[in-house]
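Enquirer: Mind looking over this structure? Questions follow.
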Amino acid sequence: MRARSNIQGINFVGAVTRARGRVTAEEAPIFETKISISGMMGTTGEQKKDQITSNTDDLTVSAQGEAAAEDKELLSVEKVFSSKEVPPWQKQLTLRAFVVSFVLGVLFTFIVMKLNLTTGIIPSLNVSAGLLGFFFVKTWTKLLEKSGMLRQPFTRQENTVIQTCVVASSGIAFSGGFGSYLFGMSEVVAKQSTEANNAQNIKNPTLGWMIGFLFVVSFLGLFSVVPLRKIMIIDFKLIYPSGTATAHLINSFHTPQGAKLAKKQVRALGKFFSFSFLWGFFQWFFTAGDGCGFANFPTFGLKAFDNRFYFDFSAIYVGVGMICPYLINISLLVGAVLSWGIMWPLIDARKGSWYSAELSPSSLHGLQGYRVFIAIAMILGDGLYNFFKVLSHTLYGLYHQLSNKDPGTVIPLSGRSPPELPPSLSYDDQRRTALFLKDQIPTWLAVAGYVTIAIISVVTLPHIFSQLKWYYIVVIYLVAPTLAFCNAYGCGLTDWSLASTYGKLAIFTIGAWAGASHGGVLTGLAACGVMMNIVSTASDLMQDFKTGYMTLASPRSMFVSQIIGTAMGCVISPCVFWLFYKAFNDLGVPGSQYPAPYALVYRNMSILGVEGFSALPKHCLTLCYVFFFAAIVINGIRDLVGKKKASFIPLPMAMAIPFYLGSYFAIDMCVGSLIIFVWRKVNKAKADAFGPAVASGLICGDGIWTLPSSILALAGVHPPICMKFLSRGTNAKVVAFLAT
């Protein structure tokens with residue numbers, strides 16, 4: 001599953017990018033798929049070619065001349081599948097595909113929701129989604145085949161439909177803002193600020209309005225870029241690295257060698273899924289009170305624990321660390337040491353001078369204010385730099401494409417019949433292009449769909465948010481298609497979706513327009529949700545079109561699958577969030593099991609946009625300026641020194657996250673990095689082939705444990721034991737008290 005840019009990209013909810021898994025099909029001589037990890041680096045399309053290499057498409061052969069050409073022809077992907085008939089688009093949309101998509105959508109929604117509400121770091125789950133989708137349907141069809149009831153074999157096109165539907169469904173858990181803008185509207189988060197916490201700027205979550213809101217705003221992005229699919233995929237030949245990587249993965253599954261490896265990967269995923277689930281169950285018994293259990297184990301001593309330096313035995317973040325690039329994990333640790341190891345103790349020593357000593361630890365006028373606003377400054381600095389960087393790449397790429405394009409490479413449309421293709425295209429490209437252009441989605445349908453949904457939204461949204469006036473929504477919808485195109489084009493070049501950055505622009509512009517006296521904070525958050533959903537789904541759909549192009553899945557089946565998956569997500573995600581909301585009374589409270597850190601970050605961005613800098617404690621604004629410009633400078637240095645040296649320079653976005661949360665999850669993720677590093681030293685082939693499957697098992701097992709734990713909490717079943725750690729002096733006092 002593609003992570004949706006979404007730190008909250010790595011898919012982060014700050015400036016979201018995605019961390020990719022790495023899979024090497026060790027037993028597949030034809031499909032030796034090498035999907036390198038791409039994290040938060042806004043690299044150009046050419047650089048991405050270095051990161052994602054596959055012998056299924058650009059096949060490198062050692063022989064020269066005619067022999068090399070013959071080898072390349074023999075290793076053509078579509079020649080391997082030439083004996084298999086491509087089903088019409090209607091038959092690619094099967095009932096079993098959507099049943100499996102629904103089950104996997106629920107599974108991955110729980111995982112994404114847990115990550116949203118804990119740290120906001122969401123890795124790519126493409127490998128596990130692809131593996132599990134392949135495994136479930138393959139098992140289904142084998143059982144039917146043995147009973148003689150199989151009517152339609154399982155194809156890579158159907159596999160692509162499942163992948164698209166699962167991505168669309170679980171992606172709503174991110175773009176829906178349950179860990180950011182949407183939950184930031186709640187009273188729980190508003191109480192953590194002294195500004196704008198009146199009824200006019202608060203809207204508590206309820207199942208009805210959340211589902212209604214998502215249905216109104218989640219489909220516009222799909223219709224906004226449909227007319228551009230041929231330009232992006234065929235004419236401009238944009239890479240869309242995530243879509244390309246997913247296509248290579250699906251293609252490899254449907255060869256004999258790839259299927260054999262996929263079975264072994266599923267077995268490894270299943271083993272570590274069971275271990276992770278049972279480990280979560282075991283830990284539950286020791287969490288009878290606040291600060292109890294393995295998650296509060298003072299690994300490095302009590303003083304380090306007080307500064308949030310400890311290993312919390314979280315299988316899910318060890319798994320995330322195995323998938324994320326080393327640089328991201330190290331950047332998180334560097335940020336934790338800089339903030340909790342150096343800065344916060346120094347600022348805390350100035351209590352009474354820089355801020356009142358009477359303030360509560362959670363007050364934004366005290367130390368908490370420095371943590372939150374300096375993190376926001378780094379996130380905004382990083383986001384602004386990369387916004388202009390990707391925008392410049394987009395504009396330059398468009399200029400280059402439009403001014404230097406060879407007319408022969410632009411394939412004209414000619415009704416419903418396949419056009420005559422340029423002879424310079426390879427066999428693979430000719431076959432893929434012909435099928436991609438065969439099933440057209442009428443432009444009038446896209447325009448009519450966008451206008452119709454926009455009208456419904458303009459009428460409906462002011463009833464959900466009375467502060468969000470209809471003319472704000474009209475302005476957003478007039479600007480959104482342009483921004484959606486820029487995001488989709490930039491994503492094709494760099495694999496980086498800037499959906500959350502566009503959302504933040506909406507927070508500041510619409511929130512400031514509304515003003516403090518008219519509920520500007522809530523207005524800004526609602527506008528963020530509208531913009532983020534449009535821009536995010538647009539780039540996701542174009543990634544899916546690229547996957548469909550390379551697996552010969554029809555654009556129509558991709559579009560229908562995306563719509564069905566989005567509709568599923570509009571119901572599944574609010575229901576899963578509602579389960580968390582009702583089961584855990586301290587949801588969104590700092591220091592709790594589910595602190596939802598980005599909800600407070602997004603709310604405070606909205607407060608800044610409406611009320612300015614008056615809310616900041618002493619010297620905080622100066623420090624914010626320093627870290628804002630430091631983020632820009634660090635990114636600039638990373639781009640100037642080149643890719644090789646940049647791999648040793650931390651990422652500002654990743655460094656910003658522990659400023660607020662602490663280092664415990666960064667330590668977990670570094671343990672994951674250490675595991676995969678040692679494994680690659682011992683056996684690189686196996687680590688590359690099975691590392692993502694093992695990591696996915698750890699993530700899925702711990703993630704799905706939240707379902708039974710939530711049900712137990714709702715049923716009033718509480719853990720029987722509290723395992724807590726005390727200093728020697730405190731323990732002596734407790735013993736003496738109990739003795740009396």
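Chain labels run A, B, ... following the order of the structure tokens; each chain numbers its residues from 1, and ligands are numbered from 1 in the order shown.
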Contacts of Ile211 of chain A at 12 Å or less, counting only C-alpha atoms, minus same-chain residues fewer than 3 places along, as a list in words?

Expert: Ile172, Ala173, Gly176, Phe178, Leu182, Pro205, Thr206, Leu207, Gly208, Leu214, Phe215, Val216, Val217, Ser218, Ile464, Thr566, Ala567, Met568, Gly569, Cys570, Val571, Ile572, Ser573, Pro574, Cys575, Val576, Phe577 and Trp578 of chain A

Enquirer: Write out, as CSV, each residue of segment 296-360 of chain A that has an atom at most 8 Å from segment 686-698 of chain A, together with the closest pair of atoms and their distance in Å to one decimal, counting only C-alpha atoms, rows going by chain and rising number.

Expert:
```
residue,atom,partner,partner_atom,distance
A:Ala315,CA,A:Leu698,CA,5.6
A:Ile316,CA,A:Leu698,CA,5.6
A:Val318,CA,A:Leu698,CA,7.6
A:Gly319,CA,A:Ala695,CA,4.1
A:Val320,CA,A:Ala695,CA,6.7
A:Met322,CA,A:Ala695,CA,5.9
A:Ile323,CA,A:Pro692,CA,6.2
```

Enquirer: For each of A:Asn159, A:Ser647, A:Ser710, A:Gln593, take the minimum atom-to-atom distance to Phe135 of chain A, counting only C-alpha atoms, then give the residue where this is smallest.

Expert: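 Looking only at the distances to Phe135 of chain A, the closest residue turns out to be A:Asn159.
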
Enquirer: Can you tell me, as a list in words, what residues are no more than 9 Å from Tyr477 of chain A when counting only C-alpha atoms, ignoring any on the same chain fewer than 6 positions away?

Expert: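 In the requested format, the answer is Leu220, Ala454, Val530, Met531 and Ile534 of chain A.
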
Enquirer: Report as a PyMOL selection string all protein, DNA and RNA residues lying within 12 Å of Gln192 of chain A, evaluated on only C-alpha atoms, omitting residues in the same chain fewer than 5 positions from it.

Expert: chain A and resi 184-187+197+360-366+368-369+372+588-590+595+597+599-601+603-604

Enquirer: Let me make sure I understand: among A:Ala196, A:Ala480, A:Leu651, A:Val390, which one has the smallest atom-to-atom distance to Arg638 of chain A if we use only C-alpha atoms?

Expert: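 Distance minimum relative to Arg638 of chain A lands on A:Leu651.
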
Enquirer: May I have the residues within 10 Å of Asn585 of chain A as a ChimeraX atom specification, using only C-alpha atoms and disregarding those fewer than 5 positions away in the same chain?

Expert: /A:580,592,594,713

Enquirer: Using atom CA of Glu358 of chain A and atom CA of Gly289 of chain A as the two end points, give the distance in Å to one decimal.

Expert: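 Computing the Euclidean distance for atom CA of Glu358 of chain A and atom CA of Gly289 of chain A yields 27.1 Å.
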